[in-house]
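> Following this message is one structure expressed as structure tokens.
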Protein chains: 4
Amino acid sequence: MDPTIQPRTTPGRRFVELAEMHAKEAADAAERHDRDGTFPAEVFESMKASGFLGSTVPEEFGGLGMGSVHDLTAGLARLGRGDGSTAIAANMHLAFGLIAGRTLRGAREVGDEETASAMSGYLAILGSGAIGAANATEGGTDLRHPLVEAVRVDDGWSLSGRKIFSTLSPVADLFFVPFRTQSGGGYESGFAIVPRGTSGQTILDNWDALGMRGSGSHDIVYENCVVPEDFVQVTGPWGAETEMSLVIATAGTVGLLGAFLGIAEAARDLVVDMAGRRTKAPSGRLVAERHGIQHQVAEMEVDLETCRAVIERSSRLIDEQVTERSPNEVTLEELHELGGRFQCAKLVANRKAIDVVDRALTISGGAGYLTSSPLSRLYRDVRAGPFMQPLSPNEAYEYIGKVALGRPPDLEG
Amino acid sequence: MDPTIQPRTTPGRRFVELAEMHAKEAADAAERHDRDGTFPAEVFESMKASGFLGSTVPEEFGGLGMGSVHDLTAGLARLGRGDGSTAIAANMHLAFGLIAGRTLRGAREVGDEETASAMSGYLAILGSGAIGAANATEGGTDLRHPLVEAVRVDDGWSLSGRKIFSTLSPVADLFFVPFRTQSGGGYESGFAIVPRGTSGQTILDNWDALGMRGSGSHDIVYENCVVPEDFVQVTGPWGAETEMSLVIATAGTVGLLGAFLGIAEAARDLVVDMAGRRTKAPSGRLVAERHGIQHQVAEMEVDLETCRAVIERSSRLIDEQVTERSPNEVTLEELHELGGRFQCAKLVANRKAIDVVDRALTISGGAGYLTSSPLSRLYRDVRAGPFMQPLSPNEAYEYIGKVALGRPPDLEG
Amino acid sequence: MDPTIQPRTTPGRRFVELAEMHAKEAADAAERHDRDGTFPAEVFESMKASGFLGSTVPEEFGGLGMGSVHDLTAGLARLGRGDGSTAIAANMHLAFGLIAGRTLRGAREVGDEETASAMSGYLAILGSGAIGAANATEGGTDLRHPLVEAVRVDDGWSLSGRKIFSTLSPVADLFFVPFRTQSGGGYESGFAIVPRGTSGQTILDNWDALGMRGSGSHDIVYENCVVPEDFVQVTGPWGAETEMSLVIATAGTVGLLGAFLGIAEAARDLVVDMAGRRTKAPSGRLVAERHGIQHQVAEMEVDLETCRAVIERSSRLIDEQVTERSPNEVTLEELHELGGRFQCAKLVANRKAIDVVDRALTISGGAGYLTSSPLSRLYRDVRAGPFMQPLSPNEAYEYIGKVALGRPPDLEG
Amino acid sequence: MDPTIQPRTTPGRRFVELAEMHAKEAADAAERHDRDGTFPAEVFESMKASGFLGSTVPEEFGGLGMGSVHDLTAGLARLGRGDGSTAIAANMHLAFGLIAGRTLRGAREVGDEETASAMSGYLAILGSGAIGAANATEGGTDLRHPLVEAVRVDDGWSLSGRKIFSTLSPVADLFFVPFRTQSGGGYESGFAIVPRGTSGQTILDNWDALGMRGSGSHDIVYENCVVPEDFVQVTGPWGAETEMSLVIATAGTVGLLGAFLGIAEAARDLVVDMAGRRTKAPSGRLVAERHGIQHQVAEMEVDLETCRAVIERSSRLIDEQVTERSPNEVTLEELHELGGRFQCAKLVANRKAIDVVDRALTISGGAGYLTSSPLSRLYRDVRAGPFMQPLSPNEAYEYIGKVALGRPPDLEG
């Protein structure tokens, strides 16, 4: 009986198979990239070659056509079991394809040629092997209020500002860059798709963190970085929630929960294996036979099952509400209700993943605290979970509570 | 977006519809039966009349043929939202039919005529409207070691001993009574199906507890209670785990988790509704607009989503491993693995249901502590969860830990 | 080694001795008063006779002169071990004396004759055996914003409105009744000391709650209830925090934490005793020898020690900041800092007391859930803790956070 | 109002003053030693020069004569606020002196010249500025069953084996080394005091861990390491608990709880300060004014107060039972009761310290996850707490439960 999250669609099953294969490669490279703070570019090369990175690209553009975020999450859990950094970086790209595919589907339904054409363009690029990444986070503000500024120029738009936590930036070919632009006395929001190497874009090599050290989450500075008109879309008033932002906030990030579950599963396996091999003086009995250890392992199992359960439920709900319905029939209110439930799952899944690794350390009895133990890396990696966008735990309770109480879910500024 | 657990089969959908209808009746009667400690016999009459009580009886015997424990659990959550006592009592009967149906299926597959005939007999009785109940719990021992003793007599077997917590006993027509019997120098285990009113069976009218006061969980005394040979089966050595005992321990009890979820959902609805109506001096603002309340409601939602998630996952796993497979291909080892995961879900679901009601009390701000508030009843009812068989939290960690570590899951005597 | 909270002063030691004596009487009466919802007036008669109720009255007025809230809390823990209702009711009176004594001391220091005279008056009454009670809580508002209204009349002030949760009301002789009164375009706050039986005061006999059923926490209706000028003090703008309100909020209520600790200690003792006597089939071993039980008992001990520790620290800090210093040198800011720390202790102590009783139920294995078990009463009683004034958990986090962050600790209206 | 733990004795006050001074030095050096994995030898030089390291040495041997573990813990909390590694290393030495002083006192009381002479010898060495360290932990066994073996040789005893986690080893002058030695058909336990540089002692330079990287917790290999007869004591059967082992297990390690509290306090201060300075778009309001942040800060305060409270209570109980009584009147049973309560405090204090730092990370909003933030170091350091000897959480519940239930507290082998 395999307790891990199981795929539910045909492309999902293929995706999970590939994920298991790449998880081994990622695991082999993880310690080195963690120590050196380098990006596992070779693993991404392999994932490109196998077609894994094309999983969420529709078949017409050469991908696997996997549209289920449940299955995406299942696969990223396998990959995260090998290496968390690799898994969260992969999600950036895979979610990009999945959401672009969905947007294309919606645009075609209503005959919105312009959007359909733009999305087809991105998907063709992704289908040909390019890697896409969100590049949305900034310091001192939230996702709804980007501070990077865009100014109209002759040949398109010019971007200036700084993005942080730009996961996957070492190998990404396309960057999804939200901005604001002056309009009347106020601001409007929008986003640009910036091809790697566009003049004015500087990817700093400065990612140096407690964990997820192989995720390449550098700062990116934009300084008069000009992108053509076609690659830019203005979406509405600065701070306004859009259907796309709410879809990204759920379907685009649920895969990350899988990555952290994978880290927890890896930690669990390490100590269960250890307890079945190690003995202790004076009795020489197996550690696994001690009641105290059995109790700690049980608590770990309880947390792990909880982590899996909330991810399964949440990703299934997102599929039912978002990926399996027509994009044009989903309302903002429904997306907020879904968002509230997703934030519940995010809080629990991230916390339980942390708790599982913490308890694995306890069970390891000191050995896991050494740098030479993979547990000490997992402990640092898994703590990144609650920082993943959106929302931080500082904001999530307000959002969940307001949605549940039927209040407008606008967070205090 | 309906957050409750949704049925997945056609009979399940019908079952859930009926459950919602009966939940209203149960809710109307709940306060009275709680106060007086009486059994909602009239609700059971109505559930018999609607066919609800036949839901798990195979169609060939006149039932709905619902075989999914996931859907059983979904329906009991609706019923529990009306009244917890009613829901746990209903599970006793519904699980009886579901497990007898599965046993019949397995016996037919391998041509075991004797078992098939016995099960057909029970199912025909249930199909005709009779109510069945497990009557397994005793004081001072565990389920694997019944102390009620059976002795062979001329016209069958004679039972003596005492069962406790005999939920549903006020209206049950058939009682499933595990026993032990001397054999050689030791004991063997078995069970009898005792029809109500058999001479020597005395149902005491002594159920008086903190909560679940309408569940009719009286003591039943057996004193030279003779049942015919056909209604008795000896299953193996005293204390040995059997396939049936492990199936009862999972498929037979997971529905109870639904009942406690339903209680939690009722508590949540009460306070969310209250917060949307009540104002407070000096501002006169709605309670729902206070940040402190929003935070507490959010924590309640997080727990509720967690409760739903672990129940969904667990009941789906039981369906996959038990109700959707041939009974003859399931191994004891698989059932233990499943049992370990189910015990994780049981610990979390019962605890989270308790936490939800506790937090609802907090949000209610004192009003909920009054006897006149339904919350004070829900608080008493929901605490019964962890006592539901098997296992108690005193034992569950040992079981989960041993299974996870690959040790024989025999609990210390 | 006695793990309970130990008194630190000479009158405290006497107080604790008496508390232990009265705890036995209270324990004997507890089940009856819980069942019938009656007040243990006979226990209060005995506590009056022994001098226990005079413990916090200064010696010059015939009391024991105990000024330490740490020792008050230690004694109420003993009393609560016998009966929680009795202990919380006793605190109402004992805190009254302690705070009046402190106020008198402060007034004498600065030569405030009027206040000194009023306080001497109340203390003389208390010293002669009268019982005082706070009567502050109202529905739909908080303590800082009383809605009971006072109007000046010829012979004093006339009060109208309704107070709830009036613990100790069946035997109290003096009631401390906060009110508001119109002044200019707005309101001012104040309080009246209302002697029992004043015309216009109606003590309803309507206390009927989940637990603390012997606390006599009836509603009291005031309808043109006239009290003489001398018994009334107007303290400042409606909603303004005063030194006295902040002292009541800490020194006046910390004793309640002791009462709930006592309930938890009683639950712990019941199950530890049970585990050392009961055996279980098939092995016949003592329940106390099971690893699963040992683990649960250990978790209970951890919670109990935590409960004791936060109460000890908090009551010692209150003594250092409030009862051992000159009332005239304490600033509002210091009282808020102290209040923040006290609220931390209140959250933890109440929750841990609840957790201890909950776990005792788990350890009891079903027997504790029966009405006949004292545990089922303790489970209902202990849940009252978080409702005790001030603050509710709905508000406490806001207060603690604001104080810690150096923001004005005004709660949102 | 200073919320930190306050000293209660005169030498304790001096000790805390010095601790605050050295905390600044330790803080300045912490980042560097963490990065390089080097030992803060210069801080220890300064602590030697100021007399800080002599605090627990009796005055007759030139020390401060501080005998209170409560005050020791108070001072180590200050030091830990500067640097955790420095604080846990200092405890090794300070506890050595405190326990030797107590042992001397006990020996003198009963006229045990031999012990008195040995202890006077060690204390004279410590009084002259030497640093002592426990060197007790080994892999694959517990403290009661050392595997390092001692063999009698002509000029004393010869030690062979390996110790791990030898905190303070880079600068220690004397090592307290428990061993076992063959005797009859079995083993006896004992300890040697090994002067640094004794032939056969090799201090490896191999400490490389997740955190506490400046604690110098290297492995030490003993290979035919001969120590003179005078420096060796055989204490009884291998595995037997002794008065000294139980005193070390409480009085010798409670100071470590202070070190972890200090880490938590440092994390709290960092984020409270940050929240009072940082603003966020779009409103530009201070982070400290957000309700979500206030709530998280409140939860952090609750945990911090709990951490302080359990440490205060536990260290006070140890003083009452151990350091303030005659060593000759304390029984093993009393020490076990005390040990049970200390283990409760250890579980809570270590966990709450971890929780505080974890929440500080949450409040920091991603910035704290960067290597450049001190929070990321505190997060790694604070996790060492539960590994500190004795007991691990894997064993503590068994011990606490057995003591509480009156069973012999022998842990399963």
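Residues are named by chain letter and number: chains run A, B, ... in the order of the structure tokens, numbers start at 1 in each chain, and ligands are numbered from 1 in the order shown.
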So which residues of range 226-278 of chain C fall under strand (DSSP E) by DSSP, listed as a PyMOL selection string?
chain C and resi 226-227+232-237
> Please return as an NGL selection string: the residues of range 71-316 of chain D that backbone DSSP assigns to helix (DSSP H, G or I).
:D and (71-82 or 84-110 or 113-127 or 229-231 or 243-250 or 254-275 or 287-289 or 291-316)
> If you take only C-alpha atoms and a cut-off of 7 Å, which residues of chain C touch chain D, and what are their nearest atom pairs and distances in Å to one decimal, in chain and number order, as CSV?

residue,atom,partner,partner_atom,distance
C:Met1,CA,D:Glu334,CA,6.9
C:Val272,CA,D:Leu405,CA,6.2
C:Ala288,CA,D:Leu405,CA,6.4
C:Gln294,CA,D:Gly401,CA,4.4
C:His295,CA,D:Tyr397,CA,5.5
C:Val297,CA,D:Gly401,CA,5.4
C:Ala298,CA,D:Gly401,CA,4.2
C:Val302,CA,D:Cys344,CA,4.8
C:Glu305,CA,D:Cys344,CA,6.8
C:Thr306,CA,D:Val310,CA,6.1
C:Ala309,CA,D:Ala309,CA,5.1
C:Val310,CA,D:Ala309,CA,5.1
C:Arg313,CA,D:Ala309,CA,5.6
C:Glu334,CA,D:Met1,CA,6.9
C:Cys344,CA,D:Val302,CA,4.8
C:Tyr397,CA,D:Ala298,CA,5.3
C:Glu398,CA,D:His295,CA,6.0
C:Ile400,CA,D:Ala298,CA,5.2
C:Gly401,CA,D:Ala298,CA,4.2
C:Lys402,CA,D:Gln294,CA,6.1
C:Leu405,CA,D:Val272,CA,6.2
> To one decimal place, how far is CA of Thr56 in chain C from CA of Pro146 in chain C in Å?
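About the pair CA of Thr56 in chain C and CA of Pro146 in chain C: they are 27.1 Å apart.
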> Pick from B:Thr242, B:Thr362, B:Thr10, B:Thr38: nearest to Asn206 in chain B, with only C-alpha atoms counted?
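So, comparing all the options, the nearest one is B:Thr38.
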> Please provide as a list of chain:residue names all residues within 10 Å of Glu31 in chain C, with the sequence filter that same-chain residues fewer than 3 positions apart are discarded (counting only C-alpha atoms).
C:Ala26, C:Ala27, C:Asp28, C:Asp34, C:Arg35, C:Asp36, C:Gly37, C:Asp83, C:Arg213, C:Gly214, C:Ser372, C:Ser373, C:Pro374, C:Arg377
> Name the residues in contact with Phe191 in chain D at a cut-off of 9 Å, using only C-alpha atoms, excluding same-chain residues fewer than 3 positions from it; report them as a list in words.
Phe176, Val177, Pro178, Phe179, Arg180, Phe231, Val232, Gln233, Val234 and Thr235 of chain D
> Could you save the residues just selected, with all heavy atoms, as a PDB file, in the first residue's frame?

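Okay, out03.pdb is ready:
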ATOM      1  N   PHE D 176      35.733  15.540  32.638  1.00  0.00           N
ATOM      2  CA  PHE D 176      35.051  14.562  33.490  1.00  0.00           C
ATOM      3  C   PHE D 176      34.600  13.419  32.580  1.00  0.00           C
ATOM      4  O   PHE D 176      33.699  13.596  31.747  1.00  0.00           O
ATOM      5  CB  PHE D 176      33.859  15.258  34.150  1.00  0.00           C
ATOM      6  CG  PHE D 176      32.904  14.354  34.869  1.00  0.00           C
ATOM      7  CD1 PHE D 176      33.151  13.939  36.173  1.00  0.00           C
ATOM      8  CD2 PHE D 176      31.729  13.933  34.256  1.00  0.00           C
ATOM      9  CE1 PHE D 176      32.252  13.130  36.853  1.00  0.00           C
ATOM     10  CE2 PHE D 176      30.831  13.115  34.922  1.00  0.00           C
ATOM     11  CZ  PHE D 176      31.090  12.709  36.226  1.00  0.00           C
ATOM     12  N   VAL D 177      35.231  12.248  32.718  1.00  0.00           N
ATOM     13  CA  VAL D 177      35.040  11.158  31.751  1.00  0.00           C
ATOM     14  C   VAL D 177      34.469   9.908  32.415  1.00  0.00           C
ATOM     15  O   VAL D 177      35.210   9.126  33.028  1.00  0.00           O
ATOM     16  CB  VAL D 177      36.391  10.808  31.070  1.00  0.00           C
ATOM     17  CG1 VAL D 177      36.175   9.739  29.997  1.00  0.00           C
ATOM     18  CG2 VAL D 177      37.041  12.041  30.471  1.00  0.00           C
ATOM     19  N   PRO D 178      33.166   9.681  32.316  1.00  0.00           N
ATOM     20  CA  PRO D 178      32.585   8.432  32.821  1.00  0.00           C
ATOM     21  C   PRO D 178      33.096   7.229  32.016  1.00  0.00           C
ATOM     22  O   PRO D 178      33.354   7.343  30.811  1.00  0.00           O
ATOM     23  CB  PRO D 178      31.075   8.626  32.619  1.00  0.00           C
ATOM     24  CG  PRO D 178      30.893  10.099  32.484  1.00  0.00           C
ATOM     25  CD  PRO D 178      32.141  10.602  31.823  1.00  0.00           C
ATOM     26  N   PHE D 179      33.256   6.102  32.703  1.00  0.00           N
ATOM     27  CA  PHE D 179      33.727   4.880  32.026  1.00  0.00           C
ATOM     28  C   PHE D 179      33.074   3.659  32.658  1.00  0.00           C
ATOM     29  O   PHE D 179      32.342   3.784  33.648  1.00  0.00           O
ATOM     30  CB  PHE D 179      35.256   4.770  32.124  1.00  0.00           C
ATOM     31  CG  PHE D 179      35.780   4.695  33.534  1.00  0.00           C
ATOM     32  CD1 PHE D 179      35.622   3.534  34.325  1.00  0.00           C
ATOM     33  CD2 PHE D 179      36.435   5.781  34.102  1.00  0.00           C
ATOM     34  CE1 PHE D 179      36.101   3.476  35.623  1.00  0.00           C
ATOM     35  CE2 PHE D 179      36.921   5.728  35.410  1.00  0.00           C
ATOM     36  CZ  PHE D 179      36.747   4.568  36.172  1.00  0.00           C
ATOM     37  N   ARG D 180      33.331   2.517  32.090  1.00  0.00           N
ATOM     38  CA  ARG D 180      32.982   1.265  32.757  1.00  0.00           C
ATOM     39  C   ARG D 180      34.262   0.442  32.880  1.00  0.00           C
ATOM     40  O   ARG D 180      35.226   0.650  32.129  1.00  0.00           O
ATOM     41  CB  ARG D 180      31.901   0.495  31.995  1.00  0.00           C
ATOM     42  CG  ARG D 180      32.356  -0.104  30.680  1.00  0.00           C
ATOM     43  CD  ARG D 180      31.242  -0.939  30.046  1.00  0.00           C
ATOM     44  NE  ARG D 180      31.681  -1.517  28.780  1.00  0.00           N
ATOM     45  CZ  ARG D 180      30.906  -2.270  27.999  1.00  0.00           C
ATOM     46  NH1 ARG D 180      29.653  -2.525  28.354  1.00  0.00           N
ATOM     47  NH2 ARG D 180      31.374  -2.764  26.876  1.00  0.00           N
ATOM     48  N   PHE D 231      42.727  10.542  40.429  1.00  0.00           N
ATOM     49  CA  PHE D 231      41.780  11.231  39.550  1.00  0.00           C
ATOM     50  C   PHE D 231      40.652  10.318  39.088  1.00  0.00           C
ATOM     51  O   PHE D 231      39.905  10.645  38.177  1.00  0.00           O
ATOM     52  CB  PHE D 231      42.526  11.799  38.323  1.00  0.00           C
ATOM     53  CG  PHE D 231      43.286  13.056  38.626  1.00  0.00           C
ATOM     54  CD1 PHE D 231      44.261  13.077  39.621  1.00  0.00           C
ATOM     55  CD2 PHE D 231      43.021  14.240  37.941  1.00  0.00           C
ATOM     56  CE1 PHE D 231      44.961  14.251  39.900  1.00  0.00           C
ATOM     57  CE2 PHE D 231      43.713  15.402  38.221  1.00  0.00           C
ATOM     58  CZ  PHE D 231      44.688  15.410  39.210  1.00  0.00           C
ATOM     59  N   VAL D 232      40.548   9.176  39.741  1.00  0.00           N
ATOM     60  CA  VAL D 232      39.558   8.186  39.305  1.00  0.00           C
ATOM     61  C   VAL D 232      38.688   7.769  40.487  1.00  0.00           C
ATOM     62  O   VAL D 232      39.173   7.617  41.597  1.00  0.00           O
ATOM     63  CB  VAL D 232      40.270   6.945  38.719  1.00  0.00           C
ATOM     64  CG1 VAL D 232      39.261   5.838  38.433  1.00  0.00           C
ATOM     65  CG2 VAL D 232      41.020   7.330  37.452  1.00  0.00           C
ATOM     66  N   GLN D 233      37.412   7.604  40.201  1.00  0.00           N
ATOM     67  CA  GLN D 233      36.523   7.078  41.232  1.00  0.00           C
ATOM     68  C   GLN D 233      35.598   6.037  40.626  1.00  0.00           C
ATOM     69  O   GLN D 233      34.978   6.273  39.576  1.00  0.00           O
ATOM     70  CB  GLN D 233      35.709   8.221  41.847  1.00  0.00           C
ATOM     71  CG  GLN D 233      35.071   7.827  43.177  1.00  0.00           C
ATOM     72  CD  GLN D 233      34.343   8.987  43.840  1.00  0.00           C
ATOM     73  OE1 GLN D 233      34.681  10.152  43.611  1.00  0.00           O
ATOM     74  NE2 GLN D 233      33.350   8.677  44.632  1.00  0.00           N
ATOM     75  N   VAL D 234      35.529   4.876  41.269  1.00  0.00           N
ATOM     76  CA  VAL D 234      34.575   3.853  40.827  1.00  0.00           C
ATOM     77  C   VAL D 234      33.329   4.011  41.694  1.00  0.00           C
ATOM     78  O   VAL D 234      33.431   4.100  42.921  1.00  0.00           O
ATOM     79  CB  VAL D 234      35.175   2.439  40.963  1.00  0.00           C
ATOM     80  CG1 VAL D 234      34.134   1.385  40.601  1.00  0.00           C
ATOM     81  CG2 VAL D 234      36.386   2.324  40.033  1.00  0.00           C
ATOM     82  N   THR D 235      32.161   4.090  41.037  1.00  0.00           N
ATOM     83  CA  THR D 235      30.975   4.534  41.773  1.00  0.00           C
ATOM     84  C   THR D 235      29.935   3.455  42.030  1.00  0.00           C
ATOM     85  O   THR D 235      29.064   3.625  42.875  1.00  0.00           O
ATOM     86  CB  THR D 235      30.284   5.667  40.988  1.00  0.00           C
ATOM     87  OG1 THR D 235      30.076   5.221  39.635  1.00  0.00           O
ATOM     88  CG2 THR D 235      31.131   6.920  40.978  1.00  0.00           C
TER      89      THR D 235
END
> Can you tell me, as JSON, numbers by chain, what residues are no more than 9 Å from Arg102 in chain A when counting only C-alpha atoms, ignoring any on the same chain fewer than 6 positions away?
{"A": [67, 322, 323, 326, 327]}
> Write out, as a compact mmCIF listing (two decimals), in the first residue's frame, the residues just selected, with all heavy atoms.

# COMPACT_ATOMS: atom_id res chain seq x y z
N GLY A 67 -3.48 18.68 -17.12
CA GLY A 67 -4.18 19.88 -16.65
C GLY A 67 -4.55 19.82 -15.17
O GLY A 67 -5.07 20.79 -14.63
N VAL A 322 -11.46 24.92 -10.67
CA VAL A 322 -10.67 25.75 -11.60
C VAL A 322 -10.30 25.01 -12.88
O VAL A 322 -10.62 25.46 -13.98
CB VAL A 322 -9.40 26.29 -10.92
CG1 VAL A 322 -8.51 27.02 -11.92
CG2 VAL A 322 -9.78 27.23 -9.78
N THR A 323 -9.59 23.89 -12.76
CA THR A 323 -9.05 23.33 -14.01
C THR A 323 -10.07 22.49 -14.77
O THR A 323 -9.91 22.26 -15.95
CB THR A 323 -7.79 22.46 -13.73
OG1 THR A 323 -8.19 21.27 -13.03
CG2 THR A 323 -6.76 23.22 -12.91
N SER A 326 -15.09 25.57 -17.04
CA SER A 326 -14.79 26.62 -18.02
C SER A 326 -14.28 27.84 -17.26
O SER A 326 -14.90 28.30 -16.31
CB SER A 326 -16.06 27.00 -18.77
OG SER A 326 -15.88 28.28 -19.35
N PRO A 327 -13.14 28.38 -17.69
CA PRO A 327 -12.60 29.58 -17.04
C PRO A 327 -13.60 30.72 -17.02
O PRO A 327 -13.53 31.59 -16.15
CB PRO A 327 -11.38 29.94 -17.89
CG PRO A 327 -11.00 28.67 -18.59
CD PRO A 327 -12.28 27.91 -18.79
